[in-house]
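The data block below is start.cif; it holds mmCIF, C-alpha atoms.
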```
data_upload
#
loop_
_atom_site.label_atom_id
_atom_site.label_comp_id
_atom_site.auth_asym_id
_atom_site.auth_seq_id
_atom_site.Cartn_x
_atom_site.Cartn_y
_atom_site.Cartn_z
CA MET A 38 59.00 28.61 145.35
CA PHE A 39 57.75 32.06 144.34
CA CYS A 40 57.29 33.96 141.09
CA PRO A 41 59.21 37.28 141.22
CA VAL A 42 56.78 38.81 138.70
CA CYS A 43 53.34 38.12 140.21
CA GLU A 44 54.58 37.01 143.68
CA SER A 45 52.49 33.82 143.59
CA GLU A 46 53.66 30.74 145.49
CA TYR A 47 54.11 27.44 143.62
CA GLU A 48 54.22 23.81 144.72
CA PRO A 49 57.61 22.43 145.81
CA GLY A 50 59.55 20.92 142.94
CA ILE A 51 58.40 23.43 140.31
CA GLY A 52 61.29 25.62 139.16
CA ARG A 53 59.62 27.66 136.42
CA ARG A 54 56.19 29.07 135.65
CA PRO A 55 54.57 26.58 133.26
CA ASP A 56 52.89 29.29 131.18
CA ASP A 57 55.88 31.44 130.25
CA GLY A 58 58.97 29.77 131.70
CA SER A 59 59.81 32.51 134.22
CA GLU A 60 62.33 31.20 136.77
CA LEU A 61 61.00 30.94 140.32
CA VAL A 62 62.91 31.95 143.45
CA LYS A 63 63.00 30.40 146.91
CA ARG A 64 62.26 33.67 148.72
CA LEU A 65 60.92 37.05 147.61
CA THR A 66 63.12 40.03 148.45
CA PRO A 67 63.11 43.68 147.35
CA GLU A 68 66.14 42.86 145.20
CA ASN A 69 64.67 39.97 143.21
CA SER A 70 61.02 41.06 143.01
CA LEU A 71 60.13 42.22 139.50
CA HIS A 72 56.65 43.45 140.35
CA ASP A 73 56.22 46.70 138.44
CA GLY A 74 53.90 48.52 140.82
CA SER A 75 50.92 48.28 138.47
CA GLU A 76 47.30 48.20 139.59
CA ALA A 77 47.27 44.39 139.88
CA LYS A 78 45.94 43.30 143.26
CA PHE A 79 47.43 40.48 145.29
CA VAL A 80 46.24 38.76 148.42
CA THR A 81 48.01 40.02 151.53
CA LEU A 82 49.82 37.25 153.39
CA HIS A 83 49.49 37.09 157.17
CA ASN A 84 51.51 35.24 159.77
CA LEU A 85 49.74 32.26 161.32
CA GLY A 86 49.62 31.50 165.01
CA SER A 87 51.81 28.40 164.93
CA PRO A 88 53.56 25.93 162.62
CA ALA A 89 50.81 23.40 163.47
CA GLU A 90 48.13 25.80 162.22
CA ALA A 91 50.09 26.47 159.03
CA GLU A 92 50.53 22.74 158.42
CA MET A 93 46.82 22.11 158.95
CA ILE A 94 45.84 24.82 156.45
CA ASN A 95 48.41 23.55 153.96
CA ASP A 96 46.96 20.03 154.20
CA ILE A 97 43.43 21.33 153.63
CA LEU A 98 44.45 23.36 150.59
CA ALA A 99 46.43 20.45 149.16
CA GLN A 100 43.29 18.30 149.22
CA ASN A 101 41.30 20.77 147.18
CA GLY A 102 39.96 20.95 143.65
CA ILE A 103 39.56 17.63 141.90
CA ARG A 104 40.94 15.85 145.00
CA SER A 105 38.60 17.72 147.35
CA ALA A 106 38.61 16.21 150.83
CA VAL A 107 35.51 18.28 151.68
CA ARG A 108 33.58 16.71 148.83
CA SER A 109 34.75 13.22 149.73
CA CYS A 110 33.89 13.56 153.43
CA MET A 111 30.61 15.45 153.18
CA PHE A 112 29.13 14.44 149.83
CA GLY A 113 30.78 11.13 148.89
CA GLY A 114 30.78 10.13 145.23
CA GLU A 115 33.55 8.95 142.96
CA GLY A 116 36.99 10.48 143.09
CA PRO A 117 38.93 11.61 140.02
CA HIS A 118 39.87 9.09 137.36
CA TYR A 119 42.45 9.21 134.59
CA ALA A 120 40.89 10.12 131.23
CA GLY A 121 43.49 8.25 129.16
CA THR A 122 45.42 11.20 127.72
CA MET A 123 48.83 12.62 128.64
CA CYS A 124 49.93 16.20 128.05
CA TRP A 125 53.35 17.80 127.73
CA ARG A 126 53.79 21.57 127.93
CA ALA A 127 56.94 23.32 126.79
CA LEU A 128 58.34 26.63 125.53
CA ALA A 129 60.49 27.13 122.44
CA PRO A 130 62.41 30.43 121.98
CA THR A 131 61.28 32.16 118.80
CA ASP A 132 64.83 33.15 117.86
CA ALA A 133 65.84 29.46 117.81
CA LEU A 134 63.38 28.74 114.98
CA PRO A 135 63.36 29.81 111.32
CA LYS A 136 61.84 33.20 110.56
CA ASP A 137 58.07 33.01 109.92
CA TYR A 138 58.06 29.48 111.33
CA HIS A 139 54.78 30.18 113.16
CA ASP A 140 51.99 32.58 112.20
CA ARG A 141 50.27 34.88 114.69
CA HIS A 142 47.34 32.53 115.27
CA VAL A 143 46.80 29.48 117.45
CA ASN A 144 47.98 26.46 115.44
CA GLN A 145 46.86 22.85 115.76
CA TRP A 146 48.95 19.91 114.54
CA SER A 147 47.01 16.64 114.35
CA GLY A 148 47.98 13.00 113.85
CA ASP A 149 47.03 9.50 114.81
CA GLY A 150 46.54 9.26 118.57
CA GLY A 151 47.47 12.82 119.41
CA PHE A 152 47.63 16.53 118.60
CA VAL A 153 49.65 19.66 119.43
CA ILE A 154 48.38 23.19 120.11
CA SER A 155 50.88 26.06 119.76
CA TYR A 156 50.78 29.85 120.11
CA TYR A 157 53.02 32.82 120.95
CA VAL A 158 53.54 34.06 124.52
CA ARG A 159 55.63 36.80 126.16
CA GLN A 160 55.25 39.32 123.33
CA GLY A 161 56.26 36.74 120.75
CA LYS A 162 59.55 35.77 122.39
CA PHE A 163 58.44 32.17 122.92
CA ILE A 164 56.06 29.66 121.41
CA ASN A 165 54.08 27.84 124.05
CA PHE A 166 52.89 24.40 122.95
CA VAL A 167 50.92 21.58 124.50
CA CYS A 168 51.29 18.05 123.13
CA VAL A 169 48.47 15.60 123.87
CA ARG A 170 48.29 11.90 123.15
CA GLN A 171 46.44 8.82 124.29
CA GLN A 172 48.47 6.86 126.81
CA PRO A 173 47.26 4.31 129.36
CA GLY A 174 48.39 3.71 132.90
CA TRP A 175 49.05 7.16 134.41
CA THR A 176 48.27 7.66 138.11
CA GLU A 177 50.08 10.84 139.26
CA GLN A 178 47.50 13.63 139.79
CA SER A 179 49.92 16.56 139.84
CA TRP A 180 49.36 19.08 137.07
CA SER A 181 53.08 19.63 136.51
CA VAL A 182 55.50 16.70 136.68
CA PRO A 183 59.06 17.45 135.44
CA SER A 184 59.78 15.83 132.07
CA SER A 185 62.38 16.18 129.32
CA VAL A 186 62.51 17.04 125.64
CA GLU A 187 63.74 13.51 124.92
CA GLU A 188 60.75 11.93 126.66
CA MET A 189 58.34 14.27 124.87
CA LEU A 190 59.84 13.50 121.45
CA ALA A 191 59.75 9.77 122.19
CA ALA A 192 56.01 10.03 122.89
CA PHE A 193 55.45 11.46 119.40
CA PRO A 194 57.66 9.32 117.13
CA ASP A 195 55.62 10.06 113.99
CA ALA A 196 55.64 13.85 114.30
CA GLY A 197 56.78 15.62 111.13
CA ASP A 198 60.14 17.34 110.80
CA SER A 199 58.71 20.84 111.24
CA LEU A 200 56.91 19.95 114.44
CA ARG A 201 59.88 18.02 115.81
CA LYS A 202 62.04 21.08 115.18
CA MET A 203 59.87 23.17 117.53
CA MET A 204 59.67 20.40 120.13
CA GLY A 205 63.43 19.89 120.01
CA GLU A 206 64.11 23.55 120.79
CA ALA A 207 62.11 23.49 124.04
CA THR A 208 63.90 25.08 127.00
CA SER A 209 61.79 23.38 129.67
CA CYS A 210 59.18 20.67 129.70
CA SER A 211 56.54 19.36 132.09
CA LYS A 212 53.85 16.70 131.80
CA TRP A 213 50.57 15.73 133.40
CA GLY A 214 47.72 13.32 132.94
CA GLN A 215 44.21 14.55 132.26
CA PHE A 216 41.84 13.61 135.04
CA THR A 217 38.11 14.04 135.22
CA GLY A 218 35.32 13.10 137.59
CA GLU A 219 31.57 12.84 137.76
CA HIS A 220 29.73 16.02 138.67
CA ALA A 221 28.82 16.11 142.35
CA PRO A 222 25.13 15.20 142.70
CA GLN A 223 24.92 17.63 145.61
CA TRP A 224 27.05 20.74 146.05
CA THR A 225 25.59 22.22 149.23
CA LYS A 226 24.95 20.97 152.74
CA ASP A 227 24.06 23.38 155.53
CA ARG A 228 26.76 26.10 155.35
CA VAL A 229 29.21 24.13 153.20
CA THR A 230 29.29 24.27 149.40
CA LEU A 231 31.56 23.27 146.53
CA LEU A 232 32.82 25.20 143.54
CA GLY A 233 35.28 24.72 140.69
CA ASP A 234 36.89 21.34 140.16
CA SER A 235 35.63 20.00 143.47
CA ALA A 236 32.09 20.24 142.08
CA HIS A 237 32.58 19.69 138.36
CA ALA A 238 36.10 18.69 137.28
CA MET A 239 36.28 18.73 133.49
CA LEU A 240 38.67 18.01 130.68
CA ALA A 241 40.55 20.94 129.12
CA THR A 242 39.18 20.42 125.59
CA PHE A 243 37.23 23.70 125.63
CA GLY A 244 39.62 25.43 128.07
CA GLN A 245 36.79 26.16 130.50
CA GLY A 246 37.85 24.58 133.82
CA ALA A 247 39.23 27.77 135.38
CA ASN A 248 36.54 29.90 133.76
CA MET A 249 33.80 27.81 135.36
CA ALA A 250 35.47 28.32 138.75
CA PHE A 251 35.60 32.11 138.20
CA GLU A 252 31.92 32.10 137.28
CA ASP A 253 31.12 29.99 140.35
CA ALA A 254 32.98 32.40 142.61
CA TYR A 255 31.24 35.50 141.23
CA VAL A 256 27.77 33.99 141.37
CA LEU A 257 28.38 32.66 144.89
CA ALA A 258 29.54 36.10 146.06
CA GLN A 259 26.43 37.73 144.62
CA TRP A 260 24.11 35.25 146.33
CA LEU A 261 25.90 35.68 149.66
CA ARG A 262 25.62 39.45 149.36
CA ALA A 263 21.93 39.31 148.43
CA SER A 264 21.05 36.83 151.20
CA ALA A 265 23.49 37.86 153.90
CA ASP A 266 20.97 37.05 156.65
CA ASP A 267 20.34 33.53 155.35
CA PRO A 268 23.58 31.87 154.17
CA PRO A 269 22.04 28.40 153.61
CA ALA A 270 19.44 29.95 151.27
CA ALA A 271 22.23 31.80 149.44
CA LEU A 272 24.19 28.57 148.93
CA THR A 273 21.08 26.76 147.71
CA GLY A 274 20.38 29.55 145.20
CA TYR A 275 23.99 29.50 144.01
CA GLU A 276 23.88 25.74 143.41
CA ALA A 277 20.55 25.94 141.56
CA VAL A 278 21.94 28.55 139.16
CA ARG A 279 25.40 27.11 138.57
CA LYS A 280 24.90 23.34 138.47
CA PRO A 281 23.07 23.12 135.10
CA ARG A 282 25.67 25.21 133.26
CA ALA A 283 28.72 23.57 134.84
CA THR A 284 27.32 20.06 134.31
CA ARG A 285 26.63 20.76 130.65
CA MET A 286 30.14 22.14 130.23
CA GLN A 287 31.51 18.92 131.70
CA GLN A 288 29.52 16.86 129.21
CA LEU A 289 30.55 19.02 126.25
CA SER A 290 34.23 18.73 127.20
CA ARG A 291 34.01 14.94 127.27
CA THR A 292 32.44 14.86 123.84
CA GLU A 293 34.96 17.28 122.35
CA VAL A 294 37.96 15.14 123.35
CA ARG A 295 36.95 12.70 120.59
CA PHE A 296 37.31 15.36 117.90
CA LYS A 297 40.63 17.09 118.56
CA LYS A 298 42.23 15.40 115.55
CA GLN A 299 40.20 15.91 112.38
CA HIS A 300 41.65 15.29 108.95
CA SER A 301 38.72 15.59 106.55
CA ILE A 302 35.44 17.38 105.93
CA TRP A 303 33.64 14.14 106.76
CA GLU A 304 35.17 14.06 110.23
CA ARG A 305 34.09 17.66 110.78
CA LEU A 306 30.56 16.84 109.64
CA HIS A 307 30.53 13.84 111.98
CA ARG A 308 31.55 16.12 114.84
CA GLU A 309 28.66 18.48 114.07
CA TYR A 310 26.24 15.53 113.88
CA VAL A 311 27.36 14.20 117.28
CA PHE A 312 27.08 17.59 118.99
CA LEU A 313 23.68 18.24 117.41
CA THR A 314 22.24 14.87 118.40
CA GLN A 315 23.81 14.63 121.86
CA HIS A 316 23.76 18.27 122.97
CA GLY A 317 21.17 19.94 120.74
CA SER A 318 23.63 22.38 119.19
CA THR A 319 26.32 22.65 116.54
CA THR A 320 29.82 23.48 117.76
CA SER A 321 29.42 27.12 116.71
CA GLY A 322 26.29 27.22 118.88
CA VAL A 323 28.26 25.69 121.74
CA TYR A 324 30.84 28.48 121.54
CA ARG A 325 28.09 31.10 121.49
CA TRP A 326 26.60 29.50 124.59
CA ILE A 327 29.98 29.42 126.38
CA PHE A 328 31.04 32.98 125.65
CA GLY A 329 27.59 34.56 125.59
CA TYR A 330 27.09 33.94 129.28
CA ASP A 331 27.24 37.04 131.51
CA PRO A 332 27.39 36.24 135.25
CA ILE A 333 27.02 39.92 136.11
CA THR A 334 23.47 40.02 134.73
CA GLN A 335 22.63 36.31 134.97
CA TRP A 336 23.76 35.44 138.50
CA ARG A 337 20.15 34.75 139.51
CA GLY A 338 19.69 32.53 136.48
CA SER A 339 18.76 33.14 132.86
#
```

In structure tokens, how does this file's structure come out?
Amino acid sequence: MFCPVCESEYEPGIGRRPDDGSELVKRLTPENSLHDGSEAKFVTLHNLGSPAEAEMINDILAQNGIRSAVRSCMFGGEGPHYAGTMCWRALAPTDALPKDYHDRHVNQWSGDGGFVISYYVRQGKFINFVCVRQQPGWTEQSWSVPSSVEEMLAAFPDAGDSLRKMMGEATSCSKWGQFTGEHAPQWTKDRVTLLGDSAHAMLATFGQGANMAFEDAYVLAQWLRASADDPPAALTGYEAVRKPRATRMQQLSRTEVRFKKQHSIWERLHREYVFLTQHGSTTSGVYRWIFGYDPITQWRGS
């Protein structure tokens, strides 16, 4: 399935883009493509030599990220494990809700055993929301399993009327379990290296999983450019620079998952105490550390 807006390909079984609900199509044609001719750059697709070659590449890509076959075969270590929390993502049309139902900021709704994050998307036409709760026994590692509004509501029986109103107006709904893994003790071997989730899969509590992968990719490219005549040295330099930051981000994300539902000033103070004693920084300091990083000037290390 393909997105007619950005022309990206999605896994089989996904009918809509999870972020904004855009309907996917089976094949891109000049008639159904909505790409506006802007300056956005896309990877050019090339024909492969044979169906066998295409199937082999597809299998390699499918075993990537947190399920990395390269990591498992070359570096060993533990595979991903379920973190104990389930997530539902859905979209509610703004015109189906009362006027001024939602302000222009990111909102958080908290309760026993779970929380909901909501915010506007698509120029305010929809509210995107993610519902998270503790739930044991999930094994499926896909990031987008089809669900239903009824199942989502059943998972949050104590949600207030206002929140249930938004959840009940959802036009589509998917679910996934949060998985994490230990950081890889070694990222690089000869001319093979890891990046992103294959090296440091992390929980989404700070929203930094994809950002860490982008940083990895930029820093790796800079090292390969600077040491083009010695790729193993470039990969070693990349790992030395990136591993400390990515590993700390993993640890911070695991700590933060305990504090997504706070109901009092005492709980907030407890959060600050835990971050200060375990990570040497208050949460405001953590955010400064996350967003103050500049890979363009710090790719050799800070």

Let me make sure I understand: among A:Tyr47, A:Tyr255, A:Trp125, A:Trp336, which one has the smallest atom-to-atom distance to A:Glu187 if we use all atoms listed in the file?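 Once distances to A:Glu187 are computed over all atoms listed in the file, the minimum belongs to A:Trp125.
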
For A:Glu276, which residue out of A:Tyr310, A:Tyr119, A:Trp260, A:Tyr138 is the nearest one, using only C-alpha atoms?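 Selected residue with least distance to A:Glu276: A:Trp260.
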
Can you list what the PyMOL selection byres ((chain A and resi 240) around 10) grabs from this structure, as a PDB file with C-alpha atoms, in the coordinates of the input?
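What follows is the written file out-v5.pdb:
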```pdb
ATOM      1  CA  ALA A 120      40.890  10.120 131.230  1.00  0.00           C
ATOM      2  CA  GLN A 215      44.210  14.550 132.260  1.00  0.00           C
ATOM      3  CA  PHE A 216      41.840  13.610 135.040  1.00  0.00           C
ATOM      4  CA  THR A 217      38.110  14.040 135.220  1.00  0.00           C
ATOM      5  CA  GLY A 218      35.320  13.100 137.590  1.00  0.00           C
ATOM      6  CA  HIS A 237      32.580  19.690 138.360  1.00  0.00           C
ATOM      7  CA  ALA A 238      36.100  18.690 137.280  1.00  0.00           C
ATOM      8  CA  MET A 239      36.280  18.730 133.490  1.00  0.00           C
ATOM      9  CA  ALA A 241      40.550  20.940 129.120  1.00  0.00           C
ATOM     10  CA  THR A 242      39.180  20.420 125.590  1.00  0.00           C
ATOM     11  CA  PHE A 243      37.230  23.700 125.630  1.00  0.00           C
ATOM     12  CA  GLY A 244      39.620  25.430 128.070  1.00  0.00           C
ATOM     13  CA  GLN A 245      36.790  26.160 130.500  1.00  0.00           C
ATOM     14  CA  GLY A 246      37.850  24.580 133.820  1.00  0.00           C
ATOM     15  CA  MET A 286      30.140  22.140 130.230  1.00  0.00           C
ATOM     16  CA  GLN A 287      31.510  18.920 131.700  1.00  0.00           C
ATOM     17  CA  GLN A 288      29.520  16.860 129.210  1.00  0.00           C
ATOM     18  CA  LEU A 289      30.550  19.020 126.250  1.00  0.00           C
ATOM     19  CA  SER A 290      34.230  18.730 127.200  1.00  0.00           C
ATOM     20  CA  ARG A 291      34.010  14.940 127.270  1.00  0.00           C
ATOM     21  CA  THR A 292      32.440  14.860 123.840  1.00  0.00           C
ATOM     22  CA  GLU A 293      34.960  17.280 122.350  1.00  0.00           C
ATOM     23  CA  VAL A 294      37.960  15.140 123.350  1.00  0.00           C
TER      24      VAL A 294
END
```

Long-range neighbours of A:Glu60 as a JSON list (two decimals) with C-alpha atoms, in the frame of the given file, 10 Å cut-off, all atoms listed in the file, 4 positions minimum in chain:
```json
[["chain", "number", "residue", "atom", "x", "y", "z"],
["A", 38, "MET", "CA", 59.00, 28.61, 145.35],
["A", 39, "PHE", "CA", 57.75, 32.06, 144.34],
["A", 40, "CYS", "CA", 57.29, 33.96, 141.09],
["A", 41, "PRO", "CA", 59.21, 37.28, 141.22],
["A", 42, "VAL", "CA", 56.78, 38.81, 138.70],
["A", 51, "ILE", "CA", 58.40, 23.43, 140.31],
["A", 52, "GLY", "CA", 61.29, 25.62, 139.16],
["A", 53, "ARG", "CA", 59.62, 27.66, 136.42],
["A", 54, "ARG", "CA", 56.19, 29.07, 135.65],
["A", 55, "PRO", "CA", 54.57, 26.58, 133.26]]
```

Matched chain/residue IDs from the PyMOL selection byres ((chain A and resi 296) around 12), as JSON, numbers by chain: {"A": [147, 148, 149, 150, 151, 152, 242, 243, 289, 290, 291, 292, 293, 294, 295, 297, 298, 299, 300, 301, 303, 304, 305, 306, 307, 308, 309, 310, 311, 312, 320]}

Go through stretch 116-138 of chain A and flag each residue having an atom no more than 10 Å from stretch 201-207 of chain A; for those, report the closest pair of atoms plus their distance in Å to one decimal, using only C-alpha atoms, ordered by chain and rising number, as CSV.
```
residue,atom,partner,partner_atom,distance
A:Arg126,CA,A:Ala207,CA,9.4
A:Ala127,CA,A:Ala207,CA,5.9
A:Leu128,CA,A:Ala207,CA,5.1
A:Ala129,CA,A:Ala207,CA,4.3
A:Pro130,CA,A:Glu206,CA,7.2
A:Thr131,CA,A:Met203,CA,9.2
A:Ala133,CA,A:Glu206,CA,6.8
A:Leu134,CA,A:Met203,CA,7.1
A:Pro135,CA,A:Lys202,CA,9.6
A:Tyr138,CA,A:Met203,CA,9.0
```

Using 8 Å of padding on each side, determine the axis-aligned box around all atoms of stretch 306-317 of chain A present in the file and give its centre and edge lengths in Å to one decimal, as lines of an AutoDock Vina configuration file.
```
center_x = 26.4
center_y = 16.9
center_z = 116.3
size_x = 26.4
size_y = 22.1
size_z = 29.3
```

The distance between atom CA of A:Leu257 and atom CA of A:Gly338 is 12.1 Å

Polymer residues at most 7 Å from A:Ile103, all atoms listed in the file, same-chain spacing of 5 or more positions, as a ChimeraX atom specification: /A:117,234-235,238

Distance in Å - atom CA of A:Leu200 versus atom CA of A:Lys136: 14.7 Å

For A:Met123, work out the shell of residues within 6 Å, counting all atoms listed in the file and skipping chain neighbours fewer than 4 positions away, then give it as JSON, numbers by chain. {"A": [169, 170, 213, 214]}

Distance atom CA of A:Ser184-atom CA of A:Cys43, one decimal place? 24.6 Å

Go through A:Ser59, A:Gln259, A:Gln315, A:Ser45 one by one, measure the shortest atom-to-atom distance of each to A:Val158 using all atoms listed in the file, and give the residue with the smallest value.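 Closest candidate: A:Ser59.
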
Just stretch 208-226 of chain A, please, as an mmCIF file, in the first residue's frame (only N, CA and C atoms).
```cif
data_model
loop_
_atom_site.group_PDB
_atom_site.id
_atom_site.type_symbol
_atom_site.label_atom_id
_atom_site.label_comp_id
_atom_site.auth_asym_id
_atom_site.auth_seq_id
_atom_site.Cartn_x
_atom_site.Cartn_y
_atom_site.Cartn_z
ATOM 1 N N THR A 208 -12.325 8.031 13.837
ATOM 2 C CA THR A 208 -12.666 7.493 12.520
ATOM 3 C C THR A 208 -11.860 6.243 12.175
ATOM 4 N N SER A 209 -10.722 6.068 12.817
ATOM 5 C CA SER A 209 -9.894 4.884 12.615
ATOM 6 C C SER A 209 -9.077 4.675 13.878
ATOM 7 N N CYS A 210 -8.618 3.463 14.077
ATOM 8 C CA CYS A 210 -7.948 3.155 15.328
ATOM 9 C C CYS A 210 -6.954 2.014 15.109
ATOM 10 N N SER A 211 -5.760 2.171 15.646
ATOM 11 C CA SER A 211 -4.764 1.101 15.607
ATOM 12 C C SER A 211 -4.144 0.962 16.993
ATOM 13 N N LYS A 212 -3.461 -0.144 17.226
ATOM 14 C CA LYS A 212 -2.873 -0.385 18.538
ATOM 15 C C LYS A 212 -1.500 -1.033 18.361
ATOM 16 N N TRP A 213 -0.696 -0.924 19.386
ATOM 17 C CA TRP A 213 0.598 -1.590 19.404
ATOM 18 C C TRP A 213 1.095 -1.676 20.842
ATOM 19 N N GLY A 214 1.967 -2.637 21.076
ATOM 20 C CA GLY A 214 2.602 -2.758 22.373
ATOM 21 C C GLY A 214 3.950 -2.073 22.350
ATOM 22 N N GLN A 215 4.323 -1.477 23.480
ATOM 23 C CA GLN A 215 5.627 -0.833 23.565
ATOM 24 C C GLN A 215 6.692 -1.873 23.899
ATOM 25 N N PHE A 216 7.693 -1.943 23.044
ATOM 26 C CA PHE A 216 8.798 -2.869 23.238
ATOM 27 C C PHE A 216 10.083 -2.080 23.448
ATOM 28 N N THR A 217 10.958 -2.652 24.207
ATOM 29 C CA THR A 217 12.263 -2.053 24.423
ATOM 30 C C THR A 217 13.300 -3.158 24.440
ATOM 31 N N GLY A 218 14.555 -2.791 24.521
ATOM 32 C CA GLY A 218 15.630 -3.771 24.554
ATOM 33 C C GLY A 218 16.855 -3.158 25.198
ATOM 34 N N GLU A 219 17.773 -3.996 25.605
ATOM 35 C CA GLU A 219 19.020 -3.488 26.166
ATOM 36 C C GLU A 219 19.848 -2.856 25.051
ATOM 37 N N HIS A 220 20.636 -1.835 25.417
ATOM 38 C CA HIS A 220 21.510 -1.260 24.400
ATOM 39 C C HIS A 220 22.536 -2.306 23.988
ATOM 40 N N ALA A 221 22.908 -2.291 22.714
ATOM 41 C CA ALA A 221 23.895 -3.250 22.231
ATOM 42 C C ALA A 221 25.256 -2.918 22.847
ATOM 43 N N PRO A 222 25.905 -3.881 23.499
ATOM 44 C CA PRO A 222 27.214 -3.595 24.092
ATOM 45 C C PRO A 222 28.258 -3.236 23.049
ATOM 46 N N GLN A 223 28.066 -3.715 21.835
ATOM 47 C CA GLN A 223 28.986 -3.403 20.741
ATOM 48 C C GLN A 223 28.156 -3.080 19.511
ATOM 49 N N TRP A 224 28.453 -1.959 18.868
ATOM 50 C CA TRP A 224 27.719 -1.564 17.670
ATOM 51 C C TRP A 224 28.463 -1.935 16.387
ATOM 52 N N THR A 225 29.775 -2.020 16.451
ATOM 53 C CA THR A 225 30.584 -2.090 15.240
ATOM 54 C C THR A 225 31.485 -3.314 15.251
ATOM 55 N N LYS A 226 31.548 -3.955 14.068
ATOM 56 C CA LYS A 226 32.457 -5.076 13.877
ATOM 57 C C LYS A 226 32.920 -5.045 12.424
#
```
